file model.txt (compact mmCIF, C-alpha atoms)
# COMPACT_ATOMS: atom_id res chain seq x y z
CA MET C 1 0.00 0.00 0.00
CA SER C 2 1.43 3.38 -0.94
CA ALA C 3 1.24 6.27 1.49
CA THR C 4 -1.34 8.97 0.78
CA PRO C 5 0.58 12.06 -0.34
CA ARG C 6 0.31 15.19 1.79
CA PRO C 7 -2.19 17.66 0.35
CA ILE C 8 -1.14 20.50 -1.95
CA GLU C 9 -2.06 23.96 -0.70
CA PHE C 10 -3.69 26.18 -3.30
CA TRP C 11 -3.34 29.84 -2.27
CA PHE C 12 -5.67 32.14 -4.14
CA ASP C 13 -6.88 35.74 -4.21
CA PHE C 14 -10.27 36.51 -5.75
CA ALA C 15 -8.94 39.48 -7.73
CA SER C 16 -6.02 37.48 -9.18
CA THR C 17 -6.49 36.86 -12.88
CA TYR C 18 -4.44 33.69 -13.32
CA SER C 19 -6.08 32.22 -10.22
CA TYR C 20 -9.26 31.89 -12.29
CA PRO C 21 -8.08 29.15 -14.71
CA ALA C 22 -6.18 27.54 -11.82
CA ALA C 23 -9.28 27.40 -9.60
CA MET C 24 -11.31 25.87 -12.41
CA ARG C 25 -8.90 22.97 -13.00
CA VAL C 26 -7.02 22.32 -9.75
CA GLU C 27 -9.41 19.63 -8.48
CA GLU C 28 -9.30 17.72 -11.77
CA VAL C 29 -5.49 17.77 -11.78
CA ALA C 30 -5.45 16.71 -8.12
CA ARG C 31 -7.67 13.72 -8.89
CA ARG C 32 -5.35 12.71 -11.70
CA TYR C 33 -2.43 12.73 -9.25
CA GLY C 34 -4.47 11.10 -6.47
CA CYS C 35 -3.70 14.02 -4.20
CA GLU C 36 -5.83 16.27 -2.02
CA VAL C 37 -6.04 20.07 -2.38
CA LYS C 38 -6.36 22.51 0.50
CA TRP C 39 -7.95 25.77 -0.65
CA ARG C 40 -6.27 28.72 1.04
CA PRO C 41 -7.92 32.10 0.49
CA PHE C 42 -5.83 35.20 1.23
CA LEU C 43 -5.41 38.84 0.21
CA LEU C 44 -2.66 39.97 -2.13
CA GLY C 45 -3.40 43.64 -1.48
CA PRO C 46 -1.45 43.95 1.80
CA ILE C 47 1.47 42.02 0.24
CA PHE C 48 1.52 44.32 -2.80
CA LYS C 49 1.37 47.33 -0.50
CA GLU C 50 4.52 46.12 1.26
CA GLN C 51 6.22 46.20 -2.17
CA GLY C 52 5.04 49.77 -2.71
CA TRP C 53 2.16 48.91 -5.06
CA THR C 54 -1.23 50.44 -4.32
CA ASP C 55 -2.77 48.97 -7.47
CA SER C 56 -2.41 45.76 -9.48
CA PRO C 57 0.97 45.60 -11.26
CA PHE C 58 -1.08 44.93 -14.41
CA ASN C 59 -2.55 48.44 -14.06
CA ILE C 60 0.72 50.06 -12.98
CA TYR C 61 2.49 48.59 -16.05
CA PRO C 62 -0.09 48.83 -18.86
CA VAL C 63 2.05 47.04 -21.47
CA LYS C 64 2.26 44.07 -19.14
CA GLY C 65 -1.46 44.35 -18.41
CA ARG C 66 -2.36 44.31 -22.10
CA TYR C 67 -0.29 41.18 -22.57
CA MET C 68 -1.82 39.48 -19.51
CA TRP C 69 -5.42 39.96 -20.69
CA ARG C 70 -4.63 38.51 -24.10
CA ASP C 71 -2.69 35.64 -22.54
CA LEU C 72 -5.52 34.91 -20.10
CA GLN C 73 -8.02 34.91 -22.95
CA ARG C 74 -5.92 32.40 -24.91
CA LEU C 75 -5.60 30.19 -21.80
CA CYS C 76 -9.35 30.23 -21.18
CA ILE C 77 -10.07 29.31 -24.81
CA ALA C 78 -7.61 26.41 -24.58
CA GLN C 79 -9.15 25.31 -21.26
CA ARG C 80 -12.69 25.72 -22.64
CA ILE C 81 -13.86 27.99 -19.84
CA PRO C 82 -15.76 31.23 -20.48
CA PHE C 83 -13.92 34.52 -20.30
CA CYS C 84 -14.97 38.15 -20.44
CA LYS C 85 -12.50 40.88 -19.53
CA PRO C 86 -13.90 42.48 -16.35
CA SER C 87 -15.01 46.09 -16.84
CA GLU C 88 -13.47 46.84 -13.42
CA PHE C 89 -10.08 45.51 -12.32
CA PRO C 90 -9.04 44.58 -9.75
CA ARG C 91 -12.37 43.98 -8.04
CA ARG C 92 -12.56 44.13 -4.26
CA GLY C 93 -12.57 40.51 -3.11
CA LEU C 94 -12.57 41.25 0.60
CA LEU C 95 -16.08 40.05 1.46
CA ALA C 96 -15.73 36.91 -0.68
CA THR C 97 -12.40 36.23 1.02
CA ARG C 98 -14.00 36.63 4.43
CA ILE C 99 -16.70 34.12 3.46
CA ALA C 100 -14.10 31.63 2.25
CA CYS C 101 -11.78 32.16 5.22
CA ALA C 102 -14.51 31.90 7.85
CA ALA C 103 -15.49 28.53 6.39
CA GLU C 104 -12.09 27.45 5.15
CA GLU C 105 -12.37 23.73 5.75
CA SER C 106 -16.01 23.50 4.62
CA GLN C 107 -16.66 21.27 1.63
CA TRP C 108 -18.54 23.94 -0.29
CA VAL C 109 -15.67 26.47 -0.39
CA PRO C 110 -14.13 25.22 -3.69
CA GLU C 111 -17.49 25.45 -5.49
CA PHE C 112 -18.12 28.87 -3.96
CA ALA C 113 -14.68 30.04 -5.10
CA ARG C 114 -15.22 28.77 -8.65
CA ARG C 115 -18.54 30.64 -8.77
CA VAL C 116 -16.94 33.86 -7.54
CA TYR C 117 -14.17 33.57 -10.16
CA THR C 118 -16.73 32.88 -12.87
CA ALA C 119 -18.78 35.90 -11.73
CA ASN C 120 -15.70 38.12 -11.91
CA PHE C 121 -13.92 36.84 -15.04
CA ALA C 122 -16.71 35.38 -17.15
CA ALA C 123 -19.93 37.18 -16.17
CA ASP C 124 -18.32 40.56 -15.42
CA LEU C 125 -20.19 40.88 -12.13
CA ASP C 126 -19.08 42.89 -9.13
CA ILE C 127 -17.91 40.35 -6.57
CA ALA C 128 -18.00 43.05 -3.87
CA ASP C 129 -21.80 43.12 -4.32
CA VAL C 130 -23.66 41.25 -1.56
CA ASN C 131 -26.30 39.96 -3.97
CA VAL C 132 -23.70 38.52 -6.31
CA LEU C 133 -22.15 36.67 -3.37
CA LEU C 134 -25.52 35.45 -2.10
CA ASN C 135 -26.12 34.03 -5.57
CA CYS C 136 -22.75 32.29 -5.46
CA LEU C 137 -23.77 30.70 -2.15
CA LYS C 138 -27.25 29.69 -3.28
CA GLY C 139 -27.73 25.94 -3.56
CA ILE C 140 -24.39 25.02 -2.03
CA VAL C 141 -25.08 26.10 1.58
CA GLN C 142 -28.27 25.76 3.55
CA ASP C 143 -28.51 29.37 4.69
CA PRO C 144 -26.61 31.89 2.52
CA ALA C 145 -27.69 34.83 4.72
CA ALA C 146 -26.24 33.16 7.82
CA ILE C 147 -22.94 32.54 6.01
CA LEU C 148 -22.86 36.20 5.01
CA ALA C 149 -23.58 37.31 8.57
CA ALA C 150 -20.73 35.12 9.83
CA ALA C 151 -18.39 36.64 7.22
CA ARG C 152 -19.15 40.09 8.55
CA ARG C 153 -18.10 39.23 12.09
CA GLN C 154 -14.80 40.36 13.52
CA SER C 155 -13.67 36.74 13.73
CA ALA C 156 -13.85 36.39 9.92
CA LYS C 157 -11.71 39.49 9.53
CA ALA C 158 -9.18 37.91 11.88
CA GLU C 159 -9.20 34.71 9.79
CA VAL C 160 -8.36 36.70 6.65
CA ARG C 161 -5.52 38.45 8.44
CA ARG C 162 -4.25 35.15 9.84
CA ASN C 163 -4.20 33.54 6.38
CA THR C 164 -2.53 36.53 4.77
CA GLU C 165 0.14 36.56 7.48
CA ARG C 166 0.69 32.83 6.98
CA ALA C 167 1.07 33.50 3.24
CA ILE C 168 3.73 36.12 3.92
CA ALA C 169 5.53 33.75 6.31
CA LEU C 170 5.56 31.08 3.56
CA GLY C 171 7.20 33.55 1.16
CA ILE C 172 4.09 34.01 -0.98
CA PHE C 173 4.25 37.14 -3.16
CA GLY C 174 1.67 36.40 -5.85
CA ALA C 175 -1.27 34.17 -6.76
CA PRO C 176 -2.06 31.49 -7.52
CA MET C 177 0.63 29.86 -5.40
CA PHE C 178 0.88 26.11 -4.84
CA VAL C 179 2.69 24.85 -1.78
CA ALA C 180 4.07 21.30 -1.83
CA GLY C 181 5.89 20.67 1.44
CA GLU C 182 8.66 23.27 1.51
CA GLU C 183 8.40 24.09 -2.18
CA LEU C 184 6.54 27.02 -3.71
CA PHE C 185 5.12 26.90 -7.23
CA TRP C 186 3.89 30.20 -8.60
CA GLY C 187 1.24 30.58 -11.23
CA ASN C 188 -1.31 28.57 -13.15
CA ASP C 189 1.64 27.39 -15.27
CA ARG C 190 3.17 25.58 -12.28
CA LEU C 191 0.05 23.72 -11.16
CA GLU C 192 1.12 20.36 -12.58
CA ALA C 193 4.71 20.86 -11.37
CA ALA C 194 3.45 21.18 -7.78
CA PHE C 195 1.62 17.85 -7.98
CA GLU C 196 4.52 16.17 -9.73
CA TRP C 197 6.82 17.35 -6.94
CA LYS C 198 4.60 15.56 -4.40
CA GLN C 199 5.08 12.26 -6.24
CA LYS C 200 8.88 12.36 -5.81
CA MET F 201 2.68 20.58 -50.16
CA SER F 202 2.12 22.51 -46.97
CA ALA F 203 3.36 26.08 -46.68
CA THR F 204 6.49 26.67 -44.63
CA PRO F 205 5.36 28.45 -41.44
CA ARG F 206 6.70 31.94 -40.85
CA PRO F 207 9.60 31.91 -38.37
CA ILE F 208 9.11 32.48 -34.66
CA GLU F 209 11.07 35.41 -33.25
CA PHE F 210 12.93 34.64 -30.03
CA TRP F 211 13.70 37.89 -28.19
CA PHE F 212 16.34 37.48 -25.52
CA ASP F 213 18.46 39.51 -23.11
CA PHE F 214 21.72 38.04 -21.85
CA ALA F 215 21.03 39.00 -18.24
CA SER F 216 17.56 37.45 -18.26
CA THR F 217 17.41 34.34 -16.12
CA TYR F 218 14.55 32.47 -17.78
CA SER F 219 16.07 33.20 -21.20
CA TYR F 220 18.79 30.69 -20.30
CA PRO F 221 16.65 27.50 -20.37
CA ALA F 222 14.71 28.95 -23.32
CA ALA F 223 17.89 29.56 -25.36
CA MET F 224 19.10 26.03 -24.64
CA ARG F 225 15.95 24.34 -25.97
CA VAL F 226 14.33 26.68 -28.51
CA GLU F 227 16.04 25.12 -31.56
CA GLU F 228 15.05 21.61 -30.54
CA VAL F 229 11.41 22.65 -30.07
CA ALA F 230 11.51 24.51 -33.41
CA ARG F 231 12.74 21.37 -35.18
CA ARG F 232 9.92 19.38 -33.62
CA TYR F 233 7.42 21.87 -35.04
CA GLY F 234 9.24 22.18 -38.37
CA CYS F 235 9.55 25.91 -37.85
CA GLU F 236 12.46 28.34 -38.09
CA VAL F 237 13.63 30.57 -35.20
CA LYS F 238 14.93 34.11 -35.59
CA TRP F 239 17.18 35.05 -32.68
CA ARG F 240 16.56 38.66 -31.65
CA PRO F 241 18.99 40.07 -29.08
CA PHE F 242 17.92 43.22 -27.23
CA LEU F 243 18.40 45.03 -23.93
CA LEU F 244 15.81 44.91 -21.17
CA GLY F 245 17.60 47.63 -19.17
CA PRO F 246 16.16 50.63 -21.07
CA ILE F 247 12.67 49.04 -20.96
CA PHE F 248 12.92 48.48 -17.20
CA LYS F 249 14.13 52.05 -16.74
CA GLU F 250 10.98 53.32 -18.48
CA GLN F 251 9.00 51.46 -15.80
CA GLY F 252 11.04 53.12 -13.07
CA TRP F 253 13.29 50.15 -12.30
CA THR F 254 17.02 50.75 -12.15
CA ASP F 255 17.74 47.17 -11.12
CA SER F 256 16.31 43.73 -11.89
CA PRO F 257 12.83 43.29 -10.36
CA PHE F 258 14.25 40.11 -8.81
CA ASN F 259 16.64 42.30 -6.80
CA ILE F 260 14.06 45.01 -6.08
CA TYR F 261 11.64 42.38 -4.72
CA PRO F 262 13.86 39.89 -2.85
CA VAL F 263 11.03 37.46 -1.99
CA LYS F 264 10.28 37.14 -5.70
CA GLY F 265 14.00 36.85 -6.43
CA ARG F 266 14.43 34.04 -3.94
CA TYR F 267 11.56 32.16 -5.56
CA MET F 268 12.91 32.74 -9.08
CA TRP F 269 16.36 31.27 -8.29
CA ARG F 270 14.82 28.14 -6.80
CA ASP F 271 12.36 27.84 -9.68
CA LEU F 272 15.15 28.28 -12.24
CA GLN F 273 17.21 25.62 -10.49
CA ARG F 274 14.30 23.17 -10.62
CA LEU F 275 13.75 23.93 -14.32
CA CYS F 276 17.42 23.37 -15.16
CA ILE F 277 17.44 20.06 -13.30
CA ALA F 278 14.33 18.95 -15.21
CA GLN F 279 15.88 20.08 -18.51
CA ARG F 280 19.24 18.44 -17.64
CA ILE F 281 21.28 21.60 -18.19
CA PRO F 282 23.90 22.80 -15.70
CA PHE F 283 23.04 25.61 -13.31
CA CYS F 284 25.02 27.66 -10.83
CA LYS F 285 23.51 30.77 -9.27
CA PRO F 286 25.63 33.66 -10.59
CA SER F 287 27.62 35.44 -7.87
CA GLU F 288 26.73 38.72 -9.58
CA PHE F 289 23.24 39.54 -10.89
CA PRO F 290 22.29 40.97 -13.26
CA ARG F 291 25.53 40.86 -15.26
CA ARG F 292 26.16 43.54 -17.89
CA GLY F 293 25.31 41.90 -21.20
CA LEU F 294 25.92 44.99 -23.32
CA LEU F 295 29.05 43.84 -25.16
CA ALA F 296 27.64 40.36 -25.78
CA THR F 297 24.45 41.98 -27.10
CA ARG F 298 26.48 44.19 -29.42
CA ILE F 299 28.27 41.11 -30.78
CA ALA F 300 24.99 39.31 -31.37
CA CYS F 301 23.23 42.36 -32.84
CA ALA F 302 26.09 43.28 -35.20
CA ALA F 303 25.95 39.75 -36.62
CA GLU F 304 22.25 39.09 -36.08
CA GLU F 305 21.59 36.96 -39.15
CA SER F 306 24.87 35.02 -38.91
CA GLN F 307 24.55 31.29 -38.40
CA TRP F 308 26.85 31.23 -35.39
CA VAL F 309 24.78 33.60 -33.24
CA PRO F 310 22.60 30.89 -31.59
CA GLU F 311 25.67 28.89 -30.54
CA PHE F 312 27.38 32.07 -29.31
CA ALA F 313 24.27 32.98 -27.31
CA ARG F 314 24.05 29.53 -25.73
CA ARG F 315 27.71 29.79 -24.71
CA VAL F 316 27.19 33.22 -23.18
CA TYR F 317 24.16 31.96 -21.20
CA THR F 318 26.13 28.93 -20.05
CA ALA F 319 29.03 31.16 -18.99
CA ASN F 320 26.66 33.36 -16.96
CA PHE F 321 24.28 30.82 -15.44
CA ALA F 322 26.31 27.62 -15.27
CA ALA F 323 29.99 28.62 -15.07
CA ASP F 324 29.45 31.84 -13.06
CA LEU F 325 31.70 33.83 -15.41
CA ASP F 326 31.51 37.57 -16.01
CA ILE F 327 29.99 37.97 -19.47
CA ALA F 328 31.10 41.61 -19.51
CA ASP F 329 34.70 40.32 -19.57
CA VAL F 330 36.29 40.50 -23.04
CA ASN F 331 38.20 37.24 -22.52
CA VAL F 332 35.06 35.36 -21.56
CA LEU F 333 33.40 36.59 -24.77
CA LEU F 334 36.44 35.75 -26.89
CA ASN F 335 36.24 32.23 -25.48
CA CYS F 336 32.56 32.06 -26.39
CA LEU F 337 33.48 33.01 -29.98
CA LYS F 338 36.41 30.63 -30.25
CA GLY F 339 35.82 27.82 -32.73
CA ILE F 340 32.55 29.17 -34.07
CA VAL F 341 33.89 32.20 -35.94
CA GLN F 342 37.10 32.48 -37.95
CA ASP F 343 38.42 35.62 -36.27
CA PRO F 344 37.05 36.31 -32.77
CA ALA F 345 39.13 39.50 -32.42
CA ALA F 346 37.62 40.94 -35.61
CA ILE F 347 34.10 40.17 -34.39
CA LEU F 348 34.90 41.91 -31.12
CA ALA F 349 36.29 44.94 -32.95
CA ALA F 350 33.12 45.15 -35.06
CA ALA F 351 30.99 44.97 -31.90
CA ARG F 352 32.81 47.98 -30.52
CA ARG F 353 31.98 50.16 -33.52
CA GLN F 354 29.27 52.79 -33.38
CA SER F 355 27.22 50.82 -35.92
CA ALA F 356 26.89 47.89 -33.47
CA LYS F 357 25.65 50.27 -30.80
CA ALA F 358 23.06 51.53 -33.28
CA GLU F 359 21.98 47.94 -34.02
CA VAL F 360 21.36 47.30 -30.31
CA ARG F 361 19.31 50.47 -30.04
CA ARG F 362 17.36 49.60 -33.18
CA ASN F 363 16.50 46.13 -31.86
CA THR F 364 15.53 47.46 -28.44
CA GLU F 365 13.28 50.08 -30.05
CA ARG F 366 11.70 47.39 -32.21
CA ALA F 367 11.10 45.34 -29.08
CA ILE F 368 9.34 48.27 -27.43
CA ALA F 369 7.25 48.84 -30.56
CA LEU F 370 6.19 45.17 -30.46
CA GLY F 371 5.00 45.58 -26.87
CA ILE F 372 7.87 43.56 -25.38
CA PHE F 373 8.32 44.19 -21.65
CA GLY F 374 10.28 41.14 -20.53
CA ALA F 375 12.38 38.22 -21.74
CA PRO F 376 12.34 35.70 -23.16
CA MET F 377 9.55 36.79 -25.51
CA PHE F 378 8.37 34.75 -28.47
CA VAL F 379 6.64 36.53 -31.33
CA ALA F 380 4.36 34.50 -33.61
CA GLY F 381 2.81 36.84 -36.14
CA GLU F 382 0.87 39.37 -34.09
CA GLU F 383 0.94 37.29 -30.93
CA LEU F 384 3.33 37.66 -28.01
CA PHE F 385 4.24 34.76 -25.75
CA TRP F 386 6.16 35.67 -22.63
CA GLY F 387 8.52 33.39 -20.78
CA ASN F 388 10.18 30.03 -21.12
CA ASP F 389 6.80 28.58 -20.08
CA ARG F 390 5.18 29.85 -23.30
CA LEU F 391 7.81 28.53 -25.73
CA GLU F 392 5.70 25.61 -26.94
CA ALA F 393 2.54 27.75 -27.06
CA ALA F 394 4.23 30.11 -29.52
CA PHE F 395 5.07 27.26 -31.90
CA GLU F 396 1.63 25.71 -31.50
CA TRP F 397 0.09 29.06 -32.41
CA LYS F 398 2.00 29.03 -35.70
CA GLN F 399 0.44 25.70 -36.64
CA LYS F 400 -3.09 27.12 -36.41
call {"tool": "encode", "arguments": {"input": "model.txt", "output": "structure tokens"}}
result
Amino acid sequence: MSATPRPIEFWFDFASTYSYPAAMRVEEVARRYGCEVKWRPFLLGPIFKEQGWTDSPFNIYPVKGRYMWRDLQRLCIAQRIPFCKPSEFPRRGLLATRIACAAEESQWVPEFARRVYTANFAADLDIADVNVLLNCLKGIVQDPAAILAAARRQSAKAEVRRNTERAIALGIFGAPMFVAGEELFWGNDRLEAAFEWKQK
Amino acid sequence: MSATPRPIEFWFDFASTYSYPAAMRVEEVARRYGCEVKWRPFLLGPIFKEQGWTDSPFNIYPVKGRYMWRDLQRLCIAQRIPFCKPSEFPRRGLLATRIACAAEESQWVPEFARRVYTANFAADLDIADVNVLLNCLKGIVQDPAAILAAARRQSAKAEVRRNTERAIALGIFGAPMFVAGEELFWGNDRLEAAFEWKQK
């Protein structure tokens, strides 16, 4: 009998563009490798601020931003997932992050996260809007309003801060980030590499 | 008879870390796709300066730099090419770029470039050193000293500027960059995607 591999941590930020294709395929890749995924929501904003950025680097450097949107579009076409360039970027993912952090180990978090990403990057909806988030929760939790109320409590705020501080301690500087033991793998492009590392 | 695909342009900077694995494998990938590669040397320095960076972003953001060196090491191991973290980074690639630009369409440029990358990222040699560059030229050109003399002429300087300006006009903001028709593909990770695009 072979030992069950330790889970891969998938660190994501709801405003992060390349986290969208990663979120949509990480579970399928994990199944292929027979490995579990731990979804780890956090905020990139405070980390970017530490580096002196008060906006997304894709807005600060427009040439890079233009490339990224085209690249993301090509990736989504190849992955056969819908894509529509958001009319607002980056969107404020704080409330969605609070929801995901307050319920981090709950089974519905991955599906909730996929819905939030789809709202942002395929339906061009404002993920800071309470109604959009309630819709993302509908059908996957018993009481969406109760989940929302919990996310607004001080304890949920503390969970977000705790996760973001853990991200910083791990050396995380961008998203998506995959953590395999001591190894970091940055970007949707490194998703498979993270799971392959676990097999070694 | 199928049409010969238009060549892929491979834009590289000698100080660029991820250009090293790309330079070592681009010809092999091109052969697999039955496609020609045009090697396009340029300087990232002036482009970075436009963005307000006077040093490599991997030095400006040490957490990102630490990740990059580990990631590059893993890639080199997987690709079975030697790697040694350079004791100086970024190294001044100006003279090497002048050599490559002054002789851009010469057949020996790819081999020269691979030797310069190997000197920098595997042998930890100073690629700004004339003797290191003469060694890189030895055996692949008839008269290394004449090539060096040509690279020191004003016309070679103009060639470097011309290439760098063309890079900016193409929307290039980093290296390696692969250009397939109107499409840009950034990074060693997108090498195959650029060739696949040409087949469409």
call {"tool": "closest_residue", "arguments": {"input": "model.txt", "among": "F:Val309, F:Ala300, F:Ala215, F:Val316", "to": "Gly245 (chain F)", "atoms": "all atoms listed in the file"}}
result
F:Ala215
call {"tool": "residues_around", "arguments": {"input": "model.txt", "residues": "Gly381 (chain F)", "least_positions_apart": "6", "cutoff": "9 Å", "atoms": "all atoms listed in the file", "output": "PDB file with C-alpha atoms, keeping the file's coordinate frame"}}
result
ATOM      1  CA  ARG F 206       6.700  31.940 -40.850  1.00  0.00           C
ATOM      2  CA  PRO F 207       9.600  31.910 -38.370  1.00  0.00           C
ATOM      3  CA  ILE F 208       9.110  32.480 -34.660  1.00  0.00           C
ATOM      4  CA  GLU F 209      11.070  35.410 -33.250  1.00  0.00           C
ATOM      5  CA  LYS F 398       2.000  29.030 -35.700  1.00  0.00           C
TER       6      LYS F 398
END
call {"tool": "interface_residues", "arguments": {"input": "model.txt", "of": "chain F", "to": "chain C", "cutoff": "12 Å", "atoms": "all atoms listed in the file", "output": "JSON, numbers by chain"}}
result
{"F": [247, 248, 250, 251, 252, 253, 257, 258, 260, 261, 262, 263, 264, 265, 266, 267, 268, 269, 270, 271, 272, 274, 275, 278, 367, 368, 369, 370, 371, 372, 373, 374, 375, 377, 382, 383, 384, 385, 386, 387, 388, 389, 390, 393, 394, 396, 397]}
call {"tool": "residues_around", "arguments": {"input": "model.txt", "residues": "Phe321 (chain F)", "least_positions_apart": "6", "cutoff": "12 Å", "atoms": "all atoms listed in the file", "output": "MDAnalysis selection string"}}
result
chainID F and resid 214:221 223:224 269 272:273 276 281:291 314:315 327
call {"tool": "atom_distance", "arguments": {"input": "model.txt", "atom1": "CA of Thr118 (chain C)", "atom2": "CA of Glu165 (chain C)"}}
result
26.7 Å
call {"tool": "residues_around", "arguments": {"input": "model.txt", "residues": "Val229 (chain F)", "least_positions_apart": "4", "cutoff": "9 Å", "atoms": "all atoms listed in the file", "output": "PDB file with C-alpha atoms, keeping the file's coordinate frame"}}
result
ATOM      1  CA  ARG F 225      15.950  24.340 -25.970  1.00  0.00           C
ATOM      2  CA  TYR F 233       7.420  21.870 -35.040  1.00  0.00           C
ATOM      3  CA  GLY F 234       9.240  22.180 -38.370  1.00  0.00           C
ATOM      4  CA  CYS F 235       9.550  25.910 -37.850  1.00  0.00           C
ATOM      5  CA  LEU F 391       7.810  28.530 -25.730  1.00  0.00           C
ATOM      6  CA  GLU F 392       5.700  25.610 -26.940  1.00  0.00           C
ATOM      7  CA  PHE F 395       5.070  27.260 -31.900  1.00  0.00           C
TER       8      PHE F 395
END
call {"tool": "residues_around", "arguments": {"input": "model.txt", "residues": "Phe10 (chain C)", "least_positions_apart": "6", "cutoff": "8 Å", "atoms": "only C-alpha atoms", "output": "PDB file with C-alpha atoms, keeping the file's coordinate frame"}}
result
ATOM      1  CA  VAL C  37      -6.040  20.070  -2.380  1.00  0.00           C
ATOM      2  CA  LYS C  38      -6.360  22.510   0.500  1.00  0.00           C
ATOM      3  CA  TRP C  39      -7.950  25.770  -0.650  1.00  0.00           C
ATOM      4  CA  ARG C  40      -6.270  28.720   1.040  1.00  0.00           C
ATOM      5  CA  PRO C 176      -2.060  31.490  -7.520  1.00  0.00           C
ATOM      6  CA  MET C 177       0.630  29.860  -5.400  1.00  0.00           C
ATOM      7  CA  PHE C 178       0.880  26.110  -4.840  1.00  0.00           C
ATOM      8  CA  VAL C 179       2.690  24.850  -1.780  1.00  0.00           C
TER       9      VAL C 179
END
call {"tool": "atom_distance", "arguments": {"input": "model.txt", "atom1": "CA of Gln342 (chain F)", "atom2": "CA of Arg231 (chain F)"}}
result
26.9 Å
call {"tool": "atom_distance", "arguments": {"input": "model.txt", "atom1": "CA of Asn163 (chain C)", "atom2": "CA of Asn259 (chain F)"}}
result
26.2 Å
call {"tool": "closest_residue", "arguments": {"input": "model.txt", "among": "F:Arg232, F:Arg298, F:Arg280, F:Lys249", "to": "Ile347 (chain F)", "atoms": "all atoms listed in the file"}}
result
F:Arg298
call {"tool": "residues_around", "arguments": {"input": "model.txt", "residues": "Arg362 (chain F)", "least_positions_apart": "6", "cutoff": "10 Å", "atoms": "only C-alpha atoms", "output": "VMD selection string"}}
result
chain F and resid 242 301 356 368
call {"tool": "closest_residue", "arguments": {"input": "model.txt", "among": "C:Asp124, C:Asp13, C:Glu104, C:Asp143", "to": "Pro46 (chain C)", "atoms": "all atoms listed in the file"}}
result
C:Asp13
call {"tool": "axis_aligned_box", "arguments": {"input": "model.txt", "around": "region 121-124 of chain C", "padding_each_side": "6 Å", "output": "AutoDock Vina command-line options"}}
result
--center_x -16.9 --center_y 38.0 --center_z -16.1 --size_x 18.0 --size_y 17.2 --size_z 14.1
call {"tool": "build_atoms", "arguments": {"input": "model.txt", "residues": "region 294-305 of chain F", "atoms": "N, CA and C atoms", "output": "PDB file, in the frame of the given file"}}
result
ATOM      1  N   LEU F 294      25.869  44.043 -22.202  1.00  0.00           N
ATOM      2  CA  LEU F 294      25.920  44.990 -23.320  1.00  0.00           C
ATOM      3  C   LEU F 294      26.859  44.554 -24.452  1.00  0.00           C
ATOM      4  N   LEU F 295      28.092  44.181 -24.103  1.00  0.00           N
ATOM      5  CA  LEU F 295      29.050  43.840 -25.160  1.00  0.00           C
ATOM      6  C   LEU F 295      28.615  42.569 -25.899  1.00  0.00           C
ATOM      7  N   ALA F 296      28.138  41.592 -25.153  1.00  0.00           N
ATOM      8  CA  ALA F 296      27.640  40.360 -25.780  1.00  0.00           C
ATOM      9  C   ALA F 296      26.462  40.676 -26.708  1.00  0.00           C
ATOM     10  N   THR F 297      25.611  41.603 -26.278  1.00  0.00           N
ATOM     11  CA  THR F 297      24.450  41.980 -27.100  1.00  0.00           C
ATOM     12  C   THR F 297      24.907  42.688 -28.366  1.00  0.00           C
ATOM     13  N   ARG F 298      25.939  43.520 -28.233  1.00  0.00           N
ATOM     14  CA  ARG F 298      26.480  44.190 -29.420  1.00  0.00           C
ATOM     15  C   ARG F 298      27.024  43.169 -30.418  1.00  0.00           C
ATOM     16  N   ILE F 299      27.729  42.166 -29.906  1.00  0.00           N
ATOM     17  CA  ILE F 299      28.270  41.110 -30.780  1.00  0.00           C
ATOM     18  C   ILE F 299      27.123  40.419 -31.521  1.00  0.00           C
ATOM     19  N   ALA F 300      26.103  40.049 -30.769  1.00  0.00           N
ATOM     20  CA  ALA F 300      24.990  39.310 -31.370  1.00  0.00           C
ATOM     21  C   ALA F 300      24.180  40.181 -32.331  1.00  0.00           C
ATOM     22  N   CYS F 301      24.017  41.464 -31.989  1.00  0.00           N
ATOM     23  CA  CYS F 301      23.230  42.360 -32.840  1.00  0.00           C
ATOM     24  C   CYS F 301      23.977  42.696 -34.129  1.00  0.00           C
ATOM     25  N   ALA F 302      25.299  42.908 -34.013  1.00  0.00           N
ATOM     26  CA  ALA F 302      26.090  43.280 -35.200  1.00  0.00           C
ATOM     27  C   ALA F 302      26.106  42.160 -36.217  1.00  0.00           C
ATOM     28  N   ALA F 303      25.882  40.913 -35.726  1.00  0.00           N
ATOM     29  CA  ALA F 303      25.950  39.750 -36.620  1.00  0.00           C
ATOM     30  C   ALA F 303      24.628  38.998 -36.631  1.00  0.00           C
ATOM     31  N   GLU F 304      23.536  39.721 -36.404  1.00  0.00           N
ATOM     32  CA  GLU F 304      22.250  39.090 -36.080  1.00  0.00           C
ATOM     33  C   GLU F 304      21.873  37.911 -36.979  1.00  0.00           C
ATOM     34  N   GLU F 305      22.057  38.049 -38.286  1.00  0.00           N
ATOM     35  CA  GLU F 305      21.590  36.960 -39.150  1.00  0.00           C
ATOM     36  C   GLU F 305      22.673  35.891 -39.391  1.00  0.00           C
TER      37      GLU F 305
END
